[in-house]
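*Asks:* Structure: protein.cif, mmCIF, C-alpha atoms and all ligand atoms.
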data_data
loop_
_atom_site.label_atom_id
_atom_site.label_comp_id
_atom_site.auth_asym_id
_atom_site.auth_seq_id
_atom_site.Cartn_x
_atom_site.Cartn_y
_atom_site.Cartn_z
CA MET C 1 -38.31 26.14 -17.14
CA THR C 2 -38.38 22.36 -16.82
CA SER C 3 -39.60 21.29 -13.42
CA PHE C 4 -38.82 18.14 -11.50
CA ALA C 5 -41.02 15.43 -12.99
CA ARG C 6 -41.05 13.13 -10.04
CA THR C 7 -39.30 11.76 -7.08
CA VAL C 8 -38.79 8.11 -7.89
CA LEU C 9 -37.47 6.90 -4.58
CA GLU C 10 -37.91 8.30 -1.12
CA GLN C 11 -34.97 8.39 1.20
CA GLY C 12 -34.18 5.22 3.04
CA SER C 13 -36.62 2.96 1.18
CA HIS C 14 -34.21 0.59 -0.55
CA PRO C 15 -34.28 -2.72 1.30
CA ASP C 16 -31.91 -4.38 -1.21
CA ALA C 17 -29.17 -2.04 -0.16
CA GLY C 18 -29.65 -2.55 3.55
CA VAL C 19 -28.56 1.05 4.10
CA PRO C 20 -30.27 4.34 3.33
CA VAL C 21 -30.25 5.67 -0.20
CA PRO C 22 -31.01 9.36 -0.71
CA ALA C 23 -34.17 10.38 -2.52
CA LEU C 24 -33.96 10.09 -6.32
CA HIS C 25 -35.35 12.85 -8.52
CA VAL C 26 -35.72 13.26 -12.26
CA LEU C 27 -35.76 16.60 -14.05
CA GLY C 28 -37.29 16.11 -17.48
CA THR C 29 -37.29 12.56 -18.84
CA ALA C 30 -35.55 9.74 -16.99
CA ARG C 31 -32.85 7.88 -18.88
CA LEU C 32 -30.31 6.31 -16.52
CA LEU C 33 -32.99 6.16 -13.83
CA ASP C 34 -35.74 5.01 -16.21
CA GLY C 35 -37.65 2.22 -14.52
CA ALA C 36 -36.26 3.04 -11.07
CA THR C 37 -39.76 3.31 -9.70
CA GLY C 38 -39.55 1.63 -6.37
CA ALA C 39 -37.69 0.31 -3.45
CA ARG C 40 -35.30 -2.08 -5.20
CA ALA C 41 -32.81 -2.32 -8.00
CA VAL C 42 -34.21 -2.44 -11.55
CA GLY C 43 -33.97 -6.12 -12.55
CA TYR C 44 -32.73 -7.51 -15.85
CA THR C 45 -36.20 -8.44 -17.13
CA GLU C 46 -37.37 -4.89 -16.37
CA GLN C 47 -34.32 -3.50 -18.11
CA LEU C 48 -35.20 -5.53 -21.23
CA MET C 49 -38.56 -3.69 -21.38
CA LEU C 50 -36.85 -0.28 -21.57
CA PRO C 51 -36.13 1.42 -24.93
CA GLY C 52 -33.41 -0.05 -27.16
CA THR C 53 -31.36 -3.23 -27.20
CA LEU C 54 -27.69 -3.49 -26.38
CA PRO C 55 -25.71 -3.98 -29.62
CA GLN C 56 -22.27 -5.58 -29.90
CA TRP C 57 -20.32 -2.69 -31.37
CA ARG C 58 -16.83 -2.86 -32.75
CA LEU C 59 -14.32 -0.46 -31.24
CA ASP C 60 -14.43 1.96 -34.19
CA THR C 61 -18.25 2.14 -33.99
CA LEU C 62 -18.11 2.81 -30.25
CA ILE C 63 -15.49 5.53 -30.71
CA ALA C 64 -17.49 7.17 -33.49
CA ALA C 65 -20.68 7.18 -31.40
CA ALA C 66 -18.94 8.61 -28.33
CA ARG C 67 -17.35 11.28 -30.52
CA THR C 68 -20.68 12.16 -32.19
CA VAL C 69 -22.33 12.93 -28.85
CA GLY C 70 -19.20 14.50 -27.33
CA LEU C 71 -19.36 12.17 -24.34
CA LEU C 72 -17.16 13.31 -21.45
CA GLY C 73 -16.06 11.20 -18.49
CA ARG C 74 -18.22 11.56 -15.40
CA GLY C 75 -15.63 10.99 -12.73
CA GLY C 76 -14.35 14.54 -12.40
CA ALA C 77 -11.73 15.14 -15.08
CA ALA C 78 -14.35 15.20 -17.89
CA PHE C 79 -11.88 13.68 -20.37
CA PRO C 80 -13.35 12.96 -23.84
CA VAL C 81 -14.35 9.28 -23.84
CA ALA C 82 -13.75 8.82 -27.58
CA ALA C 83 -10.13 9.97 -27.25
CA LYS C 84 -9.53 7.58 -24.35
CA LEU C 85 -10.99 4.65 -26.31
CA ALA C 86 -9.02 5.62 -29.43
CA ALA C 87 -5.77 5.20 -27.48
CA LEU C 88 -6.47 1.44 -27.27
CA HIS C 89 -6.36 -1.37 -29.83
CA THR C 90 -8.63 -4.39 -29.74
CA GLY C 91 -6.99 -7.38 -28.06
CA ARG C 92 -7.40 -9.96 -25.32
CA HIS C 93 -4.62 -8.33 -23.30
CA ASN C 94 -6.82 -5.25 -22.64
CA ARG C 95 -8.51 -4.64 -19.32
CA VAL C 96 -11.68 -2.72 -18.45
CA LEU C 97 -11.91 -0.94 -15.10
CA VAL C 98 -15.25 0.45 -13.92
CA ASN C 99 -14.53 2.88 -11.10
CA GLY C 100 -17.40 2.86 -8.62
CA SER C 101 -15.24 3.77 -5.65
CA GLU C 102 -17.12 6.93 -4.85
CA SER C 103 -14.67 8.65 -2.53
CA GLU C 104 -16.22 12.10 -2.45
CA PRO C 105 -18.09 12.27 0.89
CA ALA C 106 -20.64 14.76 -0.45
CA SER C 107 -21.55 12.61 -3.44
CA TRP C 108 -24.10 9.80 -3.64
CA LYS C 109 -24.76 9.66 -7.36
CA ASP C 110 -22.51 6.69 -8.17
CA ARG C 111 -23.81 4.54 -5.32
CA ALA C 112 -27.40 5.47 -6.18
CA LEU C 113 -26.79 4.42 -9.78
CA MET C 114 -25.13 1.11 -8.83
CA ARG C 115 -27.77 0.25 -6.26
CA CYS C 116 -30.89 1.34 -8.19
CA ALA C 117 -29.91 0.77 -11.84
CA PRO C 118 -27.03 -1.74 -11.80
CA HIS C 119 -27.82 -3.05 -15.30
CA ARG C 120 -27.09 0.39 -16.74
CA VAL C 121 -23.54 0.04 -15.40
CA LEU C 122 -23.25 -3.57 -16.60
CA ASP C 123 -24.51 -2.57 -20.07
CA GLY C 124 -21.58 -0.20 -20.45
CA ALA C 125 -19.05 -2.66 -19.04
CA ILE C 126 -20.24 -5.41 -21.42
CA LEU C 127 -20.27 -3.03 -24.39
CA VAL C 128 -16.73 -1.75 -23.81
CA ALA C 129 -15.29 -5.21 -23.05
CA HIS C 130 -16.74 -6.57 -26.30
CA ALA C 131 -15.42 -3.61 -28.34
CA LEU C 132 -11.97 -4.03 -26.82
CA GLY C 133 -11.99 -7.80 -27.33
CA THR C 134 -11.32 -8.63 -23.69
CA ARG C 135 -12.94 -10.82 -21.06
CA ARG C 136 -11.23 -9.07 -18.17
CA THR C 137 -13.50 -6.49 -16.55
CA THR C 138 -13.23 -5.24 -12.99
CA ILE C 139 -15.80 -3.14 -11.16
CA ALA C 140 -14.23 -1.53 -8.09
CA VAL C 141 -16.49 -0.21 -5.34
CA HIS C 142 -15.94 1.05 -1.80
CA ASP C 143 -19.16 -0.24 -0.29
CA THR C 144 -20.59 -3.69 0.36
CA ALA C 145 -24.18 -2.88 -0.66
CA SER C 146 -23.20 -1.75 -4.18
CA ALA C 147 -20.93 -4.79 -4.58
CA ARG C 148 -23.72 -7.16 -3.54
CA ILE C 149 -26.26 -5.60 -5.90
CA LEU C 150 -23.87 -5.56 -8.86
CA ARG C 151 -22.88 -9.21 -8.34
CA ALA C 152 -26.54 -10.22 -8.16
CA ALA C 153 -27.29 -8.23 -11.33
CA ALA C 154 -24.35 -9.85 -13.17
CA HIS C 155 -25.72 -13.30 -12.25
CA GLU C 156 -29.04 -12.39 -13.87
CA ARG C 157 -27.50 -11.72 -17.29
CA PRO C 158 -26.72 -14.25 -19.99
CA ASP C 159 -24.45 -11.74 -21.78
CA VAL C 160 -21.94 -11.26 -18.96
CA ARG C 161 -18.55 -12.66 -20.00
CA LYS C 162 -16.35 -12.26 -17.01
CA ILE C 163 -16.85 -9.45 -14.55
CA ARG C 164 -15.31 -9.33 -11.10
CA VAL C 165 -16.73 -6.94 -8.54
CA ILE C 166 -14.12 -5.97 -5.98
CA GLU C 167 -14.51 -4.01 -2.76
CA THR C 168 -11.56 -1.73 -2.28
CA GLY C 169 -10.52 0.25 0.77
CA GLY C 170 -11.98 3.67 1.43
CA GLY C 171 -10.19 7.01 1.50
CA PHE C 172 -10.50 10.08 -0.70
CA VAL C 173 -7.30 9.62 -2.68
CA ALA C 174 -7.78 5.82 -2.91
CA GLY C 175 -10.55 6.43 -5.48
CA GLU C 176 -8.13 8.20 -7.85
CA VAL C 177 -7.66 5.88 -10.80
CA GLN C 178 -3.93 5.28 -10.41
CA ALA C 179 -4.33 4.74 -6.68
CA LEU C 180 -7.10 2.28 -7.47
CA ILE C 181 -4.98 0.41 -10.02
CA ASN C 182 -2.13 0.22 -7.50
CA GLY C 183 -4.50 -1.11 -4.85
CA LEU C 184 -5.88 -3.76 -7.21
CA GLY C 185 -2.31 -4.83 -7.91
CA GLY C 186 -1.60 -5.33 -4.22
CA ARG C 187 0.44 -2.14 -3.88
CA PRO C 188 -0.36 0.77 -1.53
CA PRO C 189 -3.51 2.48 -2.87
CA VAL C 190 -1.87 5.86 -3.48
CA PRO C 191 -1.26 7.79 -6.71
CA ASN C 192 2.01 7.23 -8.58
CA GLY C 193 4.84 9.70 -8.20
CA ARG C 194 4.56 10.40 -11.94
CA ARG C 195 1.68 10.38 -14.37
CA ILE C 196 1.08 6.98 -15.95
CA LEU C 197 -2.04 6.67 -18.05
CA PRO C 198 -4.17 3.52 -17.59
CA VAL C 199 -4.32 3.13 -21.38
CA ASP C 200 -0.53 2.61 -21.24
CA ARG C 201 -0.25 0.62 -18.01
CA GLY C 202 -3.34 -0.16 -15.98
CA VAL C 203 -4.81 -3.25 -14.30
CA ASP C 204 -2.30 -6.17 -14.32
CA GLY C 205 0.12 -3.77 -16.06
CA ARG C 206 -2.03 -4.04 -19.22
CA PRO C 207 -3.65 -1.32 -21.36
CA THR C 208 -6.86 -0.43 -19.57
CA PHE C 209 -9.97 1.56 -20.33
CA ALA C 210 -10.81 3.01 -16.93
CA SER C 211 -13.65 5.37 -16.17
CA ASN C 212 -16.31 6.24 -13.65
CA VAL C 213 -19.46 4.07 -13.30
CA GLU C 214 -21.69 6.78 -14.71
CA THR C 215 -19.50 7.00 -17.83
CA PHE C 216 -20.09 3.29 -18.45
CA ALA C 217 -23.82 3.69 -17.86
CA GLN C 218 -23.89 6.57 -20.35
CA LEU C 219 -22.02 4.44 -22.92
CA GLY C 220 -24.53 1.62 -22.48
CA LEU C 221 -27.38 4.10 -22.89
CA LEU C 222 -25.73 5.55 -26.00
CA ALA C 223 -25.50 2.10 -27.55
CA ARG C 224 -29.12 1.27 -26.71
CA LEU C 225 -30.55 4.58 -27.95
CA GLY C 226 -28.13 5.32 -30.80
CA PRO C 227 -26.40 8.71 -31.14
CA ALA C 228 -29.37 10.52 -32.72
CA SER C 229 -31.78 9.69 -29.88
CA PHE C 230 -29.07 10.19 -27.27
CA ARG C 231 -28.69 13.76 -28.54
CA GLY C 232 -32.42 14.34 -27.99
CA ALA C 233 -31.87 15.66 -24.46
CA GLY C 234 -29.49 18.14 -22.91
CA SER C 235 -27.31 20.87 -24.34
CA PRO C 236 -25.88 20.86 -27.89
CA ASP C 237 -22.29 20.85 -26.63
CA GLU C 238 -22.77 17.98 -24.19
CA PRO C 239 -25.99 16.15 -25.07
CA GLY C 240 -27.76 13.79 -22.71
CA THR C 241 -28.37 13.78 -19.00
CA THR C 242 -26.11 13.75 -15.99
CA LEU C 243 -26.42 12.67 -12.37
CA VAL C 244 -25.90 15.17 -9.57
CA THR C 245 -26.10 15.02 -5.78
CA LEU C 246 -28.17 17.87 -4.35
CA LEU C 247 -27.21 18.64 -0.79
CA GLY C 248 -28.01 20.97 2.09
CA ASP C 249 -30.41 23.88 1.87
CA VAL C 250 -31.93 22.93 -1.51
CA PRO C 251 -35.59 22.23 -2.40
CA ARG C 252 -34.95 18.60 -3.44
CA ALA C 253 -32.03 17.04 -1.62
CA GLY C 254 -30.90 13.69 -2.98
CA VAL C 255 -29.61 12.36 -6.29
CA ALA C 256 -31.10 13.81 -9.46
CA GLU C 257 -30.89 12.94 -13.14
CA ILE C 258 -31.00 16.23 -15.03
CA PRO C 259 -30.57 17.24 -18.67
CA THR C 260 -27.11 18.69 -19.26
CA GLY C 261 -27.29 22.46 -19.57
CA THR C 262 -29.78 22.80 -16.69
CA PRO C 263 -29.34 26.22 -15.06
CA LEU C 264 -28.08 26.12 -11.51
CA ARG C 265 -31.05 28.20 -10.35
CA ALA C 266 -33.38 25.30 -11.32
CA LEU C 267 -31.72 23.10 -8.69
CA VAL C 268 -31.30 25.47 -5.76
CA GLY C 269 -33.79 27.73 -4.06
CA PRO C 270 -34.02 31.48 -4.65
CA GLY C 271 -31.25 33.39 -2.88
CA SER C 272 -29.22 30.20 -2.42
CA SER C 273 -25.86 31.70 -3.20
CA PRO C 274 -23.05 30.67 -2.77
CA VAL C 275 -23.26 27.12 -4.13
CA LEU C 276 -20.55 24.48 -3.95
CA LEU C 277 -20.22 22.89 -7.38
CA GLY C 278 -18.35 19.63 -7.90
CA GLY C 279 -17.50 18.51 -4.36
CA TYR C 280 -14.53 18.96 -2.02
CA HIS C 281 -12.22 19.49 -4.99
CA GLY C 282 -14.81 21.81 -6.47
CA THR C 283 -15.65 25.50 -6.70
CA TRP C 284 -17.88 27.81 -4.69
CA VAL C 285 -19.87 29.87 -7.19
CA THR C 286 -22.28 32.79 -6.88
CA ASP C 287 -23.61 32.99 -10.46
CA MET C 288 -26.95 31.18 -10.50
CA ASP C 289 -27.18 31.57 -14.29
CA LEU C 290 -24.39 29.03 -14.77
CA CYS C 291 -25.57 26.01 -16.74
CA LEU C 292 -24.51 22.48 -15.78
CA ASP C 293 -22.85 21.62 -19.05
CA ARG C 294 -19.19 20.65 -18.73
CA PRO C 295 -17.91 22.54 -21.81
CA ALA C 296 -19.81 25.69 -20.76
CA LEU C 297 -18.55 25.45 -17.18
CA ARG C 298 -15.01 24.86 -18.43
CA SER C 299 -15.19 28.14 -20.36
CA HIS C 300 -15.64 29.78 -16.92
CA GLY C 301 -12.73 27.79 -15.46
CA ILE C 302 -15.12 25.59 -13.45
CA GLY C 303 -15.54 21.80 -13.43
CA LEU C 304 -18.60 19.74 -12.53
CA GLY C 305 -16.26 17.34 -10.71
CA ALA C 306 -18.13 14.63 -8.84
CA GLY C 307 -21.46 16.33 -9.63
CA VAL C 308 -22.16 17.75 -6.16
CA VAL C 309 -24.42 20.81 -5.85
CA ALA C 310 -24.46 21.96 -2.21
CA VAL C 311 -25.88 24.96 -0.40
CA LEU C 312 -25.10 25.68 3.25
CA PRO C 313 -28.09 26.26 5.55
CA PRO C 314 -28.21 29.79 7.01
CA ASP C 315 -27.83 28.52 10.59
CA THR C 316 -24.28 27.22 10.25
CA CYS C 317 -20.97 29.09 10.15
CA PRO C 318 -19.58 28.84 6.60
CA ILE C 319 -16.01 29.45 7.72
CA GLY C 320 -16.27 26.64 10.27
CA GLU C 321 -17.77 24.35 7.60
CA VAL C 322 -14.95 25.10 5.18
CA ALA C 323 -12.36 24.64 7.95
CA ARG C 324 -13.76 21.18 8.80
CA VAL C 325 -13.50 20.04 5.21
CA ALA C 326 -10.05 21.61 4.81
CA ARG C 327 -8.80 19.65 7.84
CA TRP C 328 -10.29 16.45 6.44
CA LEU C 329 -8.68 17.10 3.04
CA SER C 330 -5.35 17.65 4.78
CA ASN C 331 -5.72 14.36 6.66
CA GLU C 332 -6.54 12.58 3.39
CA SER C 333 -3.16 13.42 1.84
CA ALA C 334 -1.44 10.21 0.84
CA GLY C 335 1.70 11.55 2.55
CA GLN C 336 4.05 11.44 -0.43
CA CYS C 337 4.51 15.05 -1.52
CA GLY C 338 5.79 17.81 0.79
CA PRO C 339 3.53 20.67 -0.41
CA CYS C 340 0.51 18.42 0.03
CA ILE C 341 1.46 17.16 3.50
CA PHE C 342 2.63 20.44 5.03
CA GLY C 343 0.78 22.96 2.87
CA LEU C 344 -2.70 21.53 3.36
CA ALA C 345 -2.12 21.19 7.11
CA ALA C 346 -1.05 24.85 7.38
CA ILE C 347 -4.08 25.97 5.36
CA ALA C 348 -6.42 23.94 7.59
CA GLU C 349 -4.83 25.49 10.68
CA ASP C 350 -5.30 29.03 9.31
CA LEU C 351 -8.95 28.28 8.59
CA GLU C 352 -9.53 26.83 12.06
CA THR C 353 -8.02 29.97 13.56
CA LEU C 354 -10.23 32.10 11.33
CA ALA C 355 -13.33 30.08 12.26
CA ALA C 356 -12.59 30.70 15.92
CA GLY C 357 -12.61 34.45 15.25
CA ARG C 358 -8.91 34.91 15.93
CA PRO C 359 -6.83 37.13 13.61
CA VAL C 360 -5.26 35.48 10.57
CA ASP C 361 -2.92 36.97 7.98
CA LEU C 362 -5.15 36.47 4.93
CA ARG C 363 -2.37 37.42 2.49
CA ASN C 364 -0.26 34.65 3.94
CA LEU C 365 -3.17 32.21 3.60
CA HIS C 366 -3.54 33.11 -0.09
CA VAL C 367 0.22 32.62 -0.58
CA ARG C 368 -0.06 29.16 0.99
CA LEU C 369 -2.96 28.30 -1.35
CA GLY C 370 -0.88 29.31 -4.36
CA LEU C 371 2.10 27.28 -3.15
CA VAL C 372 0.24 23.95 -3.01
CA ASP C 373 -1.58 24.37 -6.31
CA GLY C 374 -0.09 22.06 -8.94
CA ARG C 375 2.65 20.87 -6.58
CA GLY C 376 1.57 17.27 -5.94
CA ALA C 377 1.89 14.05 -7.86
CA CYS C 378 -1.91 13.98 -8.09
CA SER C 379 -4.59 16.65 -8.21
CA HIS C 380 -5.46 16.46 -4.49
CA PRO C 381 -3.70 19.69 -3.47
CA ASP C 382 -5.02 21.54 -6.54
CA GLY C 383 -8.58 20.55 -5.72
CA ALA C 384 -8.21 21.36 -2.01
CA SER C 385 -6.70 24.74 -2.86
CA ARG C 386 -9.56 25.53 -5.26
CA PHE C 387 -12.17 24.55 -2.66
CA VAL C 388 -10.65 26.87 -0.03
CA ALA C 389 -9.69 29.78 -2.32
CA THR C 390 -13.15 30.03 -3.88
CA ALA C 391 -14.79 29.73 -0.42
CA LEU C 392 -12.73 32.69 0.81
CA GLN C 393 -14.00 34.69 -2.16
CA ALA C 394 -17.63 33.51 -2.01
CA PHE C 395 -17.91 34.10 1.76
CA ARG C 396 -15.72 37.21 1.79
CA ASP C 397 -18.00 39.14 4.17
CA HIS C 398 -17.83 36.33 6.74
CA VAL C 399 -14.08 36.04 6.16
CA ALA C 400 -13.56 39.77 6.72
CA SER C 401 -15.49 39.82 9.99
CA HIS C 402 -13.82 36.64 11.29
CA ALA C 403 -10.39 37.96 10.32
CA GLY C 404 -11.19 41.15 12.20
CA GLY C 405 -11.81 39.15 15.35
CA HIS C 406 -15.62 39.01 15.08
CA SER C 407 -16.88 35.48 14.59
CA CYS C 408 -20.48 35.25 13.37
CA GLY C 409 -21.44 33.35 16.52
CA LEU C 410 -23.19 30.64 14.51
CA PRO C 411 -22.48 27.02 15.46
CA VAL C 412 -20.75 24.70 13.00
CA ARG C 413 -23.42 22.10 12.30
CA GLY C 414 -21.44 19.85 9.97
CA ALA C 415 -23.71 20.50 7.00
CA LEU C 416 -20.96 19.37 4.62
CA PRO C 417 -20.81 15.60 5.20
CA LEU C 418 -17.59 13.89 6.19
CA PRO C 419 -16.93 10.21 6.83
CA PRO C 420 -16.75 9.16 10.47
CA PRO C 421 -13.20 9.07 11.79
CA VAL C 422 -11.52 5.66 11.48
CA ARG C 423 -10.85 4.13 14.89
CA VAL C 424 -7.29 2.95 15.30
CA ALA C 425 -6.85 -0.11 17.55
CA ARG C 426 -4.18 0.40 20.20
S1 LIG C 501 -0.33 15.23 -3.96
FE1 LIG C 501 -0.90 14.51 -1.90
S2 LIG C 501 -2.43 12.96 -2.24
FE2 LIG C 501 -1.43 13.30 -4.23
S3 LIG C 501 0.21 11.81 -4.33
FE3 LIG C 501 1.12 13.63 -3.40
S4 LIG C 501 0.86 13.38 -1.17
FE4 LIG C 501 -0.46 11.89 -2.18
#
Using structure tokens, write down the structure from this file.
*Replies:*
Amino acid sequence: MTSFARTVLEQGSHPDAGVPVPALHVLGTARLLDGATGARAVGYTEQLMLPGTLPQWRLDTLIAAARTVGLLGRGGAAFPVAAKLAALHTGRHNRVLVNGSESEPASWKDRALMRCAPHRVLDGAILVAHALGTRRTTIAVHDTASARILRAAAHERPDVRKIRVIETGGGFVAGEVQALINGLGGRPPVPNGRRILPVDRGVDGRPTFASNVETFAQLGLLARLGPASFRGAGSPDEPGTTLVTLLGDVPRAGVAEIPTGTPLRALVGPGSSPVLLGGYHGTWVTDMDLCLDRPALRSHGIGLGAGVVAVLPPDTCPIGEVARVARWLSNESAGQCGPCIFGLAAIAEDLETLAAGRPVDLRNLHVRLGLVDGRGACSHPDGASRFVATALQAFRDHVASHAGGHSCGLPVRGALPLPPPVRVAR
């Protein structure tokens, strides 16, 4: 089994960022994190020393390369990148939107990438903008440190056409691409009531290629390495590497670059079941033989989502942990769709009752979970329902004893991170 090659950055040692960055690890050979050896962002001159040069590909070449390596989006939906690019035609009216608004509280991988290897992100943004024939590129982030580092990196480069780095408001749903596009347009940063694809109407109402920051970094890497070399790592169905956030009771907590297809058991300690895969819209799993390859996971009905791999420590109550997150997810509803507003609140209340060791009608809770699934204008209720439903299954022994009026007696330590509550001025 491949072992972790190195830890390239210890927690909290990134003075550029001004705020702590989790430890960075590499399993196998570093690609996105190549050169990230120290306590600062990889500079442009250092980037030039790394393998490959950034070509200026036409759109058809970019599409063909993305199709050859089966590149999937890294923001959660895992949509084929080639298909998204193929929906656009070259023209100055196009827009490029790099989504770095990492809204998943358990994830750090996008911020780690932007802060430690910003030129990887810029490579992809420059590549796509050239292929689409546009000078209008926006990088949207939620945090000041990433914005500052990306702006400084853009200033270093002679090949940057026009890139604006914008700090957008926080909030879980505000990172959803349509919510983000609405926010950039000065509208409330919430999803649309109906599905409008960015390739049809995105930033400024124009056709837009929008994807997660890691997707852009992977595209830049693909162009630098070429498809044949890019395929030299990872699984045959999804070649390359991927970034994950390792959290909780795991041997190497932090952000890791791993080859796709890495077995889950290589990332978590022995006996670390259940594992939360994806994030707070993700899935609790108990099969440690699962491989982190999006097509393979999809065949099991599981997504890699935001790339979170989390294990709860044994000294915290899992039901209480799940209830905390469920309440937060309920509070993060954008307040537009009835099943999302009322359904998620009722589910959170049931879980809080269960966590307190008071009787709950579990059949009713499962009915509520089914009623919210697929009933919103965005995927927020579906993801929240999946997170809770799979937790009830994965922690069924705890659930049974809590439902029978016997709480485990463990404290709720808050092992699953949540943002601090926003203070409202009165
Ligand atoms: S499903 Fe929830 S979060 Fe999504 S648009 Fe409706 S109310 Fe907002």
*Asks:* Given all atoms listed in the file as the basis, pick out the residue of C:Ala266, C:Ile347, C:Ala36, C:Ile163 nearest to Ala117 of chain C.
*Replies:*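 With all atoms listed in the file as the atom set, the closest residue is C:Ala36.
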*Asks:* Tell me, in Å to one decimal, how far atom CA of Ser299 of chain C is from atom CA of Val285 of chain C.
*Replies:* 14.1 Å
*Asks:* Which residues are near ligand LIG 501 (chain C) - at most 8 Å, using all atoms listed in the file? Format: as a list of chain:residue names.
*Replies:*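 So the residues close to ligand LIG 501 (chain C) are C:Val173, C:Val190, C:Pro191, C:Asn192, C:Gly193, C:Glu332, C:Ser333, C:Ala334, C:Gly335, C:Gln336, C:Cys337, C:Gly338, C:Pro339, C:Cys340, C:Ile341, C:Arg375, C:Gly376, C:Ala377, C:Cys378, C:Ser379, C:His380, C:Pro381.
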*Asks:* I'd like the neighbourhood of segment 141-152 of chain C as number ranges by chain, where a residue qualifies if any of its atoms comes within 9 Å (using only C-alpha atoms), though same-chain residues fewer than 5 positions away should be ignored.
*Replies:* C: 16-19, 41, 98-103, 111-112, 114-116, 118-119, 121-122, 163-171, 175
*Asks:* Find the residues around Leu54 of chain C up to 12 Å (all atoms listed in the file counted), leave out those fewer than 4 positions away in its own chain, and share them as JSON, numbers by chain.
*Replies:* {"C": [47, 48, 49, 50, 119, 120, 122, 123, 124, 125, 126, 127, 128, 130, 159, 217, 219, 220, 221, 222, 223, 224, 225, 226]}
*Asks:* I want to know what sits within 8 Å of Pro318 of chain C, based on all atoms listed in the file, with residues of the same chain fewer than 3 positions away left out; could you give that as a VMD selection string?
*Replies:* chain C and resid 312 321 to 322 395 398 412
*Asks:* Measuring atom to atom with all atoms listed in the file, identify which of C:Leu59, C:Leu329, C:Ala345, C:Leu410 is nearest to Gly383 of chain C.
*Replies:*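 Of the candidates, the smallest distance to Gly383 of chain C is held by C:Leu329.
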*Asks:* As an exercise, work out the distance from atom CA of Gly343 of chain C to atom CA of Trp328 of chain C in Å and give it to one decimal place.
*Replies:*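 Computing it gives 13.3 Å between the two atoms.
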*Asks:* Tell me which protein, DNA and RNA residues are within 8 Å of Arg58 of chain C, counting only C-alpha atoms, leaving out same-chain ones fewer than 4 positions away, and put them as a ChimeraX atom specification.
*Replies:* /C:62,130-132
*Asks:* Closest to Arg413 of chain C among C:Leu24, C:Ile319, C:Ala87, C:Ala210, using only C-alpha atoms?
*Replies:* C:Ile319
*Asks:* Could you write out as lines of an AutoDock Vina configuration file the box around segment 176-181 of chain C (axis-aligned, all atoms listed in the file, 6 Å on each side), with centre and edge lengths in Å to one decimal?
*Replies:*
center_x = -6.0
center_y = 4.3
center_z = -8.7
size_x = 16.2
size_y = 19.8
size_z = 16.1
*Asks:* Do you know which residues lie at most 10 Å from (-12.0, 19.7, 11.7), with coordinates as in the file and only C-alpha atoms counted, and could you write them as a VMD selection string?
*Replies:* chain C and resid 320 to 331 348 to 349 351 to 352 414 418
*Asks:* For segment 262-272 of chain C, supply N, CA and C atoms and format the output as an mmCIF file, in the frame of the given file.
*Replies:*
data_model
loop_
_atom_site.group_PDB
_atom_site.id
_atom_site.type_symbol
_atom_site.label_atom_id
_atom_site.label_comp_id
_atom_site.auth_asym_id
_atom_site.auth_seq_id
_atom_site.Cartn_x
_atom_site.Cartn_y
_atom_site.Cartn_z
ATOM 1 N N THR C 262 -28.794 22.274 -17.647
ATOM 2 C CA THR C 262 -29.780 22.800 -16.690
ATOM 3 C C THR C 262 -29.169 23.966 -15.912
ATOM 4 N N PRO C 263 -29.893 25.102 -15.826
ATOM 5 C CA PRO C 263 -29.340 26.220 -15.060
ATOM 6 C C PRO C 263 -29.277 25.882 -13.567
ATOM 7 N N LEU C 264 -28.256 26.381 -12.940
ATOM 8 C CA LEU C 264 -28.080 26.120 -11.510
ATOM 9 C C LEU C 264 -29.301 26.566 -10.714
ATOM 10 N N ARG C 265 -29.917 27.674 -11.132
ATOM 11 C CA ARG C 265 -31.050 28.200 -10.350
ATOM 12 C C ARG C 265 -32.256 27.245 -10.365
ATOM 13 N N ALA C 266 -32.277 26.265 -11.303
ATOM 14 C CA ALA C 266 -33.380 25.300 -11.320
ATOM 15 C C ALA C 266 -33.209 24.242 -10.237
ATOM 16 N N LEU C 267 -32.012 24.151 -9.675
ATOM 17 C CA LEU C 267 -31.720 23.100 -8.690
ATOM 18 C C LEU C 267 -31.677 23.616 -7.261
ATOM 19 N N VAL C 268 -31.419 24.916 -7.120
ATOM 20 C CA VAL C 268 -31.300 25.470 -5.760
ATOM 21 C C VAL C 268 -32.410 26.495 -5.568
ATOM 22 N N GLY C 269 -32.722 26.786 -4.341
ATOM 23 C CA GLY C 269 -33.790 27.730 -4.060
ATOM 24 C C GLY C 269 -33.377 29.162 -4.378
ATOM 25 N N PRO C 270 -34.363 30.084 -4.408
ATOM 26 C CA PRO C 270 -34.020 31.480 -4.650
ATOM 27 C C PRO C 270 -33.138 32.008 -3.522
ATOM 28 N N GLY C 271 -32.159 32.805 -3.888
ATOM 29 C CA GLY C 271 -31.250 33.390 -2.880
ATOM 30 C C GLY C 271 -30.323 32.383 -2.268
ATOM 31 N N SER C 272 -30.037 31.278 -3.003
ATOM 32 C CA SER C 272 -29.220 30.200 -2.420
ATOM 33 C C SER C 272 -27.729 30.358 -2.687
#
